[in-house]
Amino acid sequence: MSLSRRELLKTSIGTCLALSQIKAKVFASALSSKGLKALYKDNFLLGTMLKPEAYLRETPEFTKLVNTEFNAIVADNAFKWMNIHPTDEHWDWSYADEFVKFGERNNMYNVGHVLVWHSQNPIGLFQGEGSDLKSGDVMLAKLEEHITTIVTRYKGRINAWDVVNEALDGNGWVNNEWYRTIGEDYVAKAFFAAHQADPEAVLLYNDYNLSSPSRRDVLVDYLSKAKNSGVPIHAVGMQGHFSLDFPNLDDFEESIEAFAEQGVRVHISELDVDVLPGLGPDQFPDYAAELDPYRDGLSSELEAKLAQRYSEIFKVLIKHQDKIDRVNLWGTTDGESWKNDFPIEGRVNYPLLFDRKLEPKAAYRAVAELKSTAI
Ligand code: XIL
């Protein structure tokens, strides 16, 4: 049989295409059988955030996915003061206990989030007589009792604690109720109490927008003072609620370096990448269709942009792996992300590595491909 040049060309293009498709398939199945935690085993722990559905009403399919891909977990709301300690006398361990047991069953690095924050506290926590706040002494006793009770209960079973969340901004101390009652000392006291209750646990200061130079400077300044006075802060949790063009990754890198220079480890504690339009000050909190443009699916162009963004972020993380112990996504699938409801409720967002059907996205493949030589 003799083939014309054109037919020969067609055949060889066809063969090349088929070959590259086969290669892509082989690569995809190699990735899916390995999972990200194996690909990144020499770099850092890879974590996900679990909602109660994952550990209270376990489905084999979801548990398998979490186990294949991740070796660290954090709960979204189970340990927050309003849930775990809703009134002075009442503790509700039902969620936190199950979360910790899930982690133990599945050999996870368990992270407790969060002991002290200005948000998601019980109504009336700070309320004193009339319109006054309770006194500093009373609030300090409450803070210490809260931390000691929780950390002691899970001693040796929670590897790392987000001890204090969002206490500083670009100007210094956030003027929240903890600050107004106890003063700036509340942060140091919180770390000392947690350390006393479990001396082995890794203790984190956790915050958002830490790539911002002014916020970075304020935290570096605090870390240096804390170090001099022996405050047991072992790591900074950089939340990592990113978007396609924010933050600038040079700033992100500089912050990782600056915190590590203060002698603390870095955890990326709540990574996700928002693809929806941001809000102008006059739009908040009004809902508008143009602010929710991907209800029927993400365009392939944006899918590729998201993958590229994840790839760039993970390149920075790999570069600084010597300073980073854990990279934690704030959720596994797009459907469970808080970004569908923040800062506007009820939008359809795509910030994570798995889609609503538990399938890996292009962003997942981009993150895995950076480590393809590890397969
Ligand atoms: C979010 C949870 O994911 C939501 O379910 C809840 O409604 C609000 O809080 N920074 C933090 C997390 O430290 O605790 C927040 O979690 C996301 C922002």
# chains A, B, ... in the order shown; residues from 1 in each chain; ligands from 1
call {"tool": "residues_near_ligand", "arguments": {"ligand": "ligand 1", "cutoff": "9 Å", "atoms": "only C-alpha atoms and all ligand atoms", "output": "CSV table (one decimal) with N, CA, C and O atoms, in the first residue's frame"}}
result
chain,number,residue,atom,x,y,z
A,49,MET,N,-9.2,21.8,54.7
A,49,MET,CA,-10.2,22.2,55.7
A,49,MET,C,-11.4,21.2,55.6
A,49,MET,O,-11.9,21.0,54.5
A,51,LYS,N,-15.3,20.4,56.7
A,51,LYS,CA,-16.6,20.8,57.3
A,51,LYS,C,-17.2,19.6,58.0
A,51,LYS,O,-16.8,18.5,57.8
A,75,ALA,N,-10.4,22.1,61.0
A,75,ALA,CA,-11.9,22.2,60.9
A,75,ALA,C,-12.3,23.7,60.7
A,75,ALA,O,-11.6,24.6,61.2
A,76,ASP,N,-13.4,23.9,60.0
A,76,ASP,CA,-13.7,25.3,59.7
A,76,ASP,C,-14.3,26.1,60.9
A,76,ASP,O,-13.8,27.1,61.2
A,77,ASN,N,-15.2,25.5,61.6
A,77,ASN,CA,-15.8,26.2,62.7
A,77,ASN,C,-15.9,25.5,64.0
A,77,ASN,O,-16.4,26.1,65.0
A,80,LYS,N,-14.3,27.1,67.1
A,80,LYS,CA,-14.5,28.5,67.4
A,80,LYS,C,-15.4,28.7,68.7
A,80,LYS,O,-16.2,27.9,69.0
A,113,HIS,N,-8.2,25.1,65.1
A,113,HIS,CA,-8.5,26.5,64.7
A,113,HIS,C,-9.8,26.9,65.3
A,113,HIS,O,-10.8,26.3,65.0
A,114,VAL,N,-9.8,27.8,66.1
A,114,VAL,CA,-8.9,28.8,66.6
A,114,VAL,C,-9.2,29.1,68.0
A,114,VAL,O,-10.3,29.1,68.4
A,117,TRP,N,-9.9,35.0,69.0
A,117,TRP,CA,-10.3,35.8,67.8
A,117,TRP,C,-11.3,36.8,68.2
A,117,TRP,O,-12.0,36.6,69.2
A,119,SER,N,-13.8,37.4,66.2
A,119,SER,CA,-15.1,37.0,65.5
A,119,SER,C,-15.6,35.6,66.0
A,119,SER,O,-14.8,34.8,66.5
A,120,GLN,N,-16.9,35.4,65.7
A,120,GLN,CA,-17.5,34.1,66.0
A,120,GLN,C,-17.4,33.7,67.5
A,120,GLN,O,-17.0,32.6,67.8
A,162,ASP,N,-3.9,27.2,65.9
A,162,ASP,CA,-4.0,28.6,65.6
A,162,ASP,C,-4.4,29.3,66.9
A,162,ASP,O,-5.5,29.2,67.3
A,165,ASN,N,-5.8,34.7,66.2
A,165,ASN,CA,-6.2,35.0,64.8
A,165,ASN,C,-6.4,36.5,64.6
A,165,ASN,O,-7.1,37.1,65.4
A,166,GLU,N,-5.8,37.1,63.6
A,166,GLU,CA,-6.1,38.5,63.2
A,166,GLU,C,-6.0,39.5,64.2
A,166,GLU,O,-7.0,40.3,64.4
A,206,ASN,N,-1.9,33.4,63.4
A,206,ASN,CA,-2.6,33.3,62.1
A,206,ASN,C,-3.2,34.6,61.7
A,206,ASN,O,-3.8,35.3,62.5
A,207,ASP,N,-3.0,35.0,60.4
A,207,ASP,CA,-3.6,36.3,59.9
A,207,ASP,C,-3.7,36.3,58.4
A,207,ASP,O,-3.1,35.5,57.7
A,208,TYR,N,-4.5,37.3,57.9
A,208,TYR,CA,-4.7,37.4,56.5
A,208,TYR,C,-3.9,38.5,55.9
A,208,TYR,O,-3.4,39.4,56.7
A,239,GLN,N,-2.8,33.1,56.0
A,239,GLN,CA,-4.0,32.5,55.6
A,239,GLN,C,-4.0,32.1,54.1
A,239,GLN,O,-4.4,31.0,53.7
A,241,HIS,N,-5.9,33.8,51.5
A,241,HIS,CA,-7.1,34.0,50.7
A,241,HIS,C,-6.8,34.9,49.5
A,241,HIS,O,-6.8,36.1,49.6
A,269,SER,N,-2.0,28.6,55.7
A,269,SER,CA,-3.1,28.0,56.6
A,269,SER,C,-4.5,27.9,55.9
A,269,SER,O,-5.3,27.1,56.3
A,270,GLU,N,-4.8,28.8,55.0
A,270,GLU,CA,-6.1,28.8,54.5
A,270,GLU,C,-6.2,29.1,53.0
A,270,GLU,O,-6.9,30.0,52.5
A,330,TRP,N,-8.2,25.9,52.0
A,330,TRP,CA,-9.4,26.1,52.9
A,330,TRP,C,-10.6,25.4,52.2
A,330,TRP,O,-11.6,26.0,51.8
A,331,GLY,N,-10.5,24.0,52.2
A,331,GLY,CA,-11.6,23.2,51.7
A,331,GLY,C,-11.0,22.3,50.5
A,331,GLY,O,-9.9,22.6,50.0
A,336,GLU,N,-17.9,23.4,48.6
A,336,GLU,CA,-17.9,23.6,50.1
A,336,GLU,C,-17.1,24.9,50.5
A,336,GLU,O,-17.0,25.2,51.7
A,337,SER,N,-16.7,25.7,49.5
A,337,SER,CA,-15.8,26.8,49.9
A,337,SER,C,-16.7,27.9,50.5
A,337,SER,O,-17.8,28.3,50.0
A,338,TRP,N,-16.1,28.6,51.5
A,338,TRP,CA,-16.8,29.8,52.1
A,338,TRP,C,-16.8,30.9,51.1
A,338,TRP,O,-17.6,31.8,51.2
A,339,LYS,N,-16.0,30.8,50.0
A,339,LYS,CA,-16.0,31.9,49.0
A,339,LYS,C,-17.2,32.0,48.2
A,339,LYS,O,-17.4,32.9,47.4
A,341,ASP,N,-20.0,32.3,49.6
A,341,ASP,CA,-20.8,33.2,50.5
A,341,ASP,C,-20.1,34.4,51.0
A,341,ASP,O,-20.6,35.1,51.9
A,342,PHE,N,-18.9,34.6,50.6
A,342,PHE,CA,-18.1,35.7,51.2
A,342,PHE,C,-17.4,36.4,50.1
A,342,PHE,O,-16.7,35.7,49.3
call {"tool": "residues_around", "arguments": {"residues": "Ala160 in chain A", "least_positions_apart": "5", "cutoff": "6 Å", "atoms": "only C-alpha atoms", "output": "mmCIF file with all heavy atoms, in the first residue's frame"}}
result
data_model
loop_
_atom_site.group_PDB
_atom_site.id
_atom_site.type_symbol
_atom_site.label_atom_id
_atom_site.label_comp_id
_atom_site.auth_asym_id
_atom_site.auth_seq_id
_atom_site.Cartn_x
_atom_site.Cartn_y
_atom_site.Cartn_z
ATOM 1 N N VAL A 111 -4.900 20.088 63.034
ATOM 2 C CA VAL A 111 -4.725 21.498 63.384
ATOM 3 C C VAL A 111 -5.995 22.013 64.073
ATOM 4 O O VAL A 111 -7.105 21.800 63.585
ATOM 5 C CB VAL A 111 -4.446 22.347 62.118
ATOM 6 C CG1 VAL A 111 -4.283 23.821 62.488
ATOM 7 C CG2 VAL A 111 -3.205 21.831 61.392
ATOM 8 N N ALA A 201 2.851 20.989 71.457
ATOM 9 C CA ALA A 201 2.072 21.476 70.307
ATOM 10 C C ALA A 201 2.761 22.665 69.629
ATOM 11 O O ALA A 201 3.370 23.499 70.291
ATOM 12 C CB ALA A 201 0.673 21.873 70.764
ATOM 13 N N VAL A 202 2.624 22.712 68.312
ATOM 14 C CA VAL A 202 3.144 23.847 67.540
ATOM 15 C C VAL A 202 2.122 24.980 67.631
ATOM 16 O O VAL A 202 0.939 24.782 67.352
ATOM 17 C CB VAL A 202 3.338 23.434 66.061
ATOM 18 C CG1 VAL A 202 3.710 24.635 65.199
ATOM 19 C CG2 VAL A 202 4.384 22.332 65.956
ATOM 20 N N LEU A 203 2.579 26.155 68.018
ATOM 21 C CA LEU A 203 1.653 27.273 68.246
ATOM 22 C C LEU A 203 1.821 28.349 67.167
ATOM 23 O O LEU A 203 2.914 28.855 66.940
ATOM 24 C CB LEU A 203 1.891 27.864 69.634
ATOM 25 C CG LEU A 203 1.797 26.860 70.801
ATOM 26 C CD1 LEU A 203 1.970 27.586 72.146
ATOM 27 C CD2 LEU A 203 0.468 26.088 70.786
#
call {"tool": "residues_around", "arguments": {"residues": "Glu301 in chain A", "least_positions_apart": "5", "cutoff": "12 Å", "atoms": "only C-alpha atoms", "output": "count of residues only"}}
result
5
call {"tool": "atom_distance", "arguments": {"atom1": "CA of Ala188 in chain A", "atom2": "CA of Trp91 in chain A"}}
result
24.4 Å
call {"tool": "atom_distance", "arguments": {"atom1": "CA of Asn349 in chain A", "atom2": "CA of Leu50 in chain A"}}
result
17.8 Å
call {"tool": "closest_residue", "arguments": {"among": "A:Ala78, A:Val218, A:Val164, A:Ile158", "to": "Leu56 in chain A", "atoms": "only C-alpha atoms"}}
result
A:Ala78
call {"tool": "closest_residue", "arguments": {"among": "A:Val220, A:Leu353, A:Met238, A:Leu143", "to": "Asp274 in chain A", "atoms": "only C-alpha atoms"}}
result
A:Leu353
call {"tool": "closest_residue", "arguments": {"among": "A:Asn340, A:Asn121, A:Ser243, A:Thr48", "to": "His85 in chain A", "atoms": "only C-alpha atoms"}}
result
A:Asn121
call {"tool": "select_by_dssp", "arguments": {"residues": "range 283-366 of chain A", "states": "strand (DSSP E)", "output": "JSON list (two decimals) with N, CA and C atoms, in the first residue's frame"}}
result
[["chain", "number", "residue", "atom", "x", "y", "z"],
["A", 324, "ILE", "N", 8.83, 26.31, 55.11],
["A", 324, "ILE", "CA", 7.38, 26.04, 55.16],
["A", 324, "ILE", "C", 7.10, 24.61, 55.62],
["A", 325, "ASP", "N", 6.23, 24.46, 56.62],
["A", 325, "ASP", "CA", 5.91, 23.12, 57.12],
["A", 325, "ASP", "C", 4.60, 22.57, 56.56],
["A", 326, "ARG", "N", 3.68, 23.48, 56.21],
["A", 326, "ARG", "CA", 2.35, 22.99, 55.79],
["A", 326, "ARG", "C", 1.72, 23.99, 54.84],
["A", 327, "VAL", "N", 1.07, 23.44, 53.80],
["A", 327, "VAL", "CA", 0.27, 24.27, 52.90],
["A", 327, "VAL", "C", -1.14, 23.69, 52.96],
["A", 328, "ASN", "N", -2.05, 24.48, 53.48],
["A", 328, "ASN", "CA", -3.40, 23.99, 53.76],
["A", 328, "ASN", "C", -4.43, 24.73, 52.91],
["A", 329, "LEU", "N", -5.17, 23.97, 52.09],
["A", 329, "LEU", "CA", -6.27, 24.57, 51.34],
["A", 329, "LEU", "C", -7.44, 24.79, 52.29]]
call {"tool": "decode", "arguments": {"residues": "range 179-286 of chain A", "atoms": "C-alpha atoms", "output": "PDB file, in the first residue's frame"}}
result
ATOM      1  CA  TYR A 179      -7.424  44.499  73.119  1.00  0.00           C
ATOM      2  CA  ARG A 180      -9.873  46.901  74.715  1.00  0.00           C
ATOM      3  CA  THR A 181     -10.312  44.778  77.819  1.00  0.00           C
ATOM      4  CA  ILE A 182      -6.931  43.134  78.430  1.00  0.00           C
ATOM      5  CA  GLY A 183      -4.620  45.289  76.320  1.00  0.00           C
ATOM      6  CA  GLU A 184      -1.918  44.046  73.944  1.00  0.00           C
ATOM      7  CA  ASP A 185      -0.759  41.480  76.476  1.00  0.00           C
ATOM      8  CA  TYR A 186      -3.671  39.218  75.570  1.00  0.00           C
ATOM      9  CA  VAL A 187      -1.697  37.740  72.682  1.00  0.00           C
ATOM     10  CA  ALA A 188       1.355  36.774  74.742  1.00  0.00           C
ATOM     11  CA  LYS A 189      -0.855  35.440  77.564  1.00  0.00           C
ATOM     12  CA  ALA A 190      -2.737  33.268  75.088  1.00  0.00           C
ATOM     13  CA  PHE A 191       0.477  31.696  73.816  1.00  0.00           C
ATOM     14  CA  PHE A 192       1.815  31.071  77.317  1.00  0.00           C
ATOM     15  CA  ALA A 193      -1.438  29.373  78.360  1.00  0.00           C
ATOM     16  CA  ALA A 194      -1.490  27.124  75.276  1.00  0.00           C
ATOM     17  CA  HIS A 195       2.165  26.201  75.719  1.00  0.00           C
ATOM     18  CA  GLN A 196       1.672  25.332  79.352  1.00  0.00           C
ATOM     19  CA  ALA A 197      -1.270  23.082  78.522  1.00  0.00           C
ATOM     20  CA  ASP A 198       0.583  21.201  75.753  1.00  0.00           C
ATOM     21  CA  PRO A 199       4.310  21.949  75.550  1.00  0.00           C
ATOM     22  CA  GLU A 200       4.661  19.724  72.466  1.00  0.00           C
ATOM     23  CA  ALA A 201       2.072  21.476  70.307  1.00  0.00           C
ATOM     24  CA  VAL A 202       3.144  23.847  67.540  1.00  0.00           C
ATOM     25  CA  LEU A 203       1.653  27.273  68.246  1.00  0.00           C
ATOM     26  CA  LEU A 204       0.729  29.625  65.417  1.00  0.00           C
ATOM     27  CA  TYR A 205      -0.109  33.266  65.056  1.00  0.00           C
ATOM     28  CA  ASN A 206      -2.568  33.296  62.105  1.00  0.00           C
ATOM     29  CA  ASP A 207      -3.570  36.258  59.942  1.00  0.00           C
ATOM     30  CA  TYR A 208      -4.704  37.374  56.484  1.00  0.00           C
ATOM     31  CA  ASN A 209      -3.093  39.674  53.870  1.00  0.00           C
ATOM     32  CA  LEU A 210       0.319  39.066  55.357  1.00  0.00           C
ATOM     33  CA  SER A 211       1.899  39.743  51.972  1.00  0.00           C
ATOM     34  CA  SER A 212       1.072  43.413  52.488  1.00  0.00           C
ATOM     35  CA  PRO A 213       4.342  45.203  53.352  1.00  0.00           C
ATOM     36  CA  SER A 214       2.794  47.269  56.159  1.00  0.00           C
ATOM     37  CA  ARG A 215       1.116  44.262  57.772  1.00  0.00           C
ATOM     38  CA  ARG A 216       4.323  42.263  57.328  1.00  0.00           C
ATOM     39  CA  ASP A 217       6.367  44.992  59.082  1.00  0.00           C
ATOM     40  CA  VAL A 218       3.991  45.163  62.021  1.00  0.00           C
ATOM     41  CA  LEU A 219       4.078  41.389  62.491  1.00  0.00           C
ATOM     42  CA  VAL A 220       7.856  41.171  62.100  1.00  0.00           C
ATOM     43  CA  ASP A 221       8.208  43.852  64.740  1.00  0.00           C
ATOM     44  CA  TYR A 222       5.907  41.922  67.084  1.00  0.00           C
ATOM     45  CA  LEU A 223       7.670  38.591  66.428  1.00  0.00           C
ATOM     46  CA  SER A 224      10.992  40.132  67.275  1.00  0.00           C
ATOM     47  CA  LYS A 225       9.659  41.561  70.556  1.00  0.00           C
ATOM     48  CA  ALA A 226       7.892  38.308  71.364  1.00  0.00           C
ATOM     49  CA  LYS A 227      11.083  36.353  70.785  1.00  0.00           C
ATOM     50  CA  ASN A 228      12.973  38.627  73.188  1.00  0.00           C
ATOM     51  CA  SER A 229      10.385  38.100  75.895  1.00  0.00           C
ATOM     52  CA  GLY A 230      10.192  34.335  75.354  1.00  0.00           C
ATOM     53  CA  VAL A 231       6.618  34.168  74.030  1.00  0.00           C
ATOM     54  CA  PRO A 232       6.187  30.634  72.624  1.00  0.00           C
ATOM     55  CA  ILE A 233       5.152  31.473  69.044  1.00  0.00           C
ATOM     56  CA  HIS A 234       6.507  28.747  66.806  1.00  0.00           C
ATOM     57  CA  ALA A 235       4.998  29.582  63.451  1.00  0.00           C
ATOM     58  CA  VAL A 236       3.106  32.143  61.431  1.00  0.00           C
ATOM     59  CA  GLY A 237      -0.010  30.998  59.623  1.00  0.00           C
ATOM     60  CA  MET A 238      -0.378  33.024  56.437  1.00  0.00           C
ATOM     61  CA  GLN A 239      -4.034  32.484  55.595  1.00  0.00           C
ATOM     62  CA  GLY A 240      -3.654  32.851  51.815  1.00  0.00           C
ATOM     63  CA  HIS A 241      -7.093  33.968  50.684  1.00  0.00           C
ATOM     64  CA  PHE A 242      -5.866  34.991  47.253  1.00  0.00           C
ATOM     65  CA  SER A 243      -7.418  36.024  43.947  1.00  0.00           C
ATOM     66  CA  LEU A 244      -6.171  35.750  40.367  1.00  0.00           C
ATOM     67  CA  ASP A 245      -4.151  38.957  40.665  1.00  0.00           C
ATOM     68  CA  PHE A 246      -3.812  39.557  44.398  1.00  0.00           C
ATOM     69  CA  PRO A 247      -1.428  39.510  46.145  1.00  0.00           C
ATOM     70  CA  ASN A 248       1.686  40.212  44.171  1.00  0.00           C
ATOM     71  CA  LEU A 249       3.766  37.050  44.584  1.00  0.00           C
ATOM     72  CA  ASP A 250       7.001  39.001  45.124  1.00  0.00           C
ATOM     73  CA  ASP A 251       5.366  40.501  48.215  1.00  0.00           C
ATOM     74  CA  PHE A 252       4.205  37.026  49.266  1.00  0.00           C
ATOM     75  CA  GLU A 253       7.746  35.725  48.950  1.00  0.00           C
ATOM     76  CA  GLU A 254       9.212  38.630  50.905  1.00  0.00           C
ATOM     77  CA  SER A 255       6.816  37.952  53.754  1.00  0.00           C
ATOM     78  CA  ILE A 256       7.718  34.256  53.898  1.00  0.00           C
ATOM     79  CA  GLU A 257      11.378  35.260  54.074  1.00  0.00           C
ATOM     80  CA  ALA A 258      10.799  37.992  56.649  1.00  0.00           C
ATOM     81  CA  PHE A 259       8.878  35.723  59.049  1.00  0.00           C
ATOM     82  CA  ALA A 260      11.401  32.908  58.698  1.00  0.00           C
ATOM     83  CA  GLU A 261      14.179  35.373  59.526  1.00  0.00           C
ATOM     84  CA  GLN A 262      12.490  35.899  62.875  1.00  0.00           C
ATOM     85  CA  GLY A 263      13.083  32.233  63.644  1.00  0.00           C
ATOM     86  CA  VAL A 264       9.520  30.992  63.161  1.00  0.00           C
ATOM     87  CA  ARG A 265       8.220  28.402  60.717  1.00  0.00           C
ATOM     88  CA  VAL A 266       5.671  29.331  58.063  1.00  0.00           C
ATOM     89  CA  HIS A 267       2.357  27.569  57.422  1.00  0.00           C
ATOM     90  CA  ILE A 268       0.073  28.585  54.582  1.00  0.00           C
ATOM     91  CA  SER A 269      -3.056  27.966  56.560  1.00  0.00           C
ATOM     92  CA  GLU A 270      -6.150  28.788  54.456  1.00  0.00           C
ATOM     93  CA  LEU A 271      -5.245  28.836  50.771  1.00  0.00           C
ATOM     94  CA  ASP A 272      -7.891  29.491  48.118  1.00  0.00           C
ATOM     95  CA  VAL A 273      -8.031  31.585  44.943  1.00  0.00           C
ATOM     96  CA  ASP A 274     -11.141  33.689  44.348  1.00  0.00           C
ATOM     97  CA  VAL A 275     -12.074  33.990  40.654  1.00  0.00           C
ATOM     98  CA  LEU A 276     -15.110  36.251  41.056  1.00  0.00           C
ATOM     99  CA  PRO A 277     -15.122  40.017  40.502  1.00  0.00           C
ATOM    100  CA  GLY A 278     -14.123  42.068  43.517  1.00  0.00           C
ATOM    101  CA  LEU A 279     -16.423  44.590  45.100  1.00  0.00           C
ATOM    102  CA  GLY A 280     -16.358  48.336  44.801  1.00  0.00           C
ATOM    103  CA  PRO A 281     -17.073  50.079  48.119  1.00  0.00           C
ATOM    104  CA  ASP A 282     -20.481  51.224  46.847  1.00  0.00           C
ATOM    105  CA  GLN A 283     -21.498  47.695  45.758  1.00  0.00           C
ATOM    106  CA  PHE A 284     -21.256  46.103  49.154  1.00  0.00           C
ATOM    107  CA  PRO A 285     -23.454  44.320  50.120  1.00  0.00           C
ATOM    108  CA  ASP A 286     -25.775  44.625  47.122  1.00  0.00           C
TER     109      ASP A 286
END
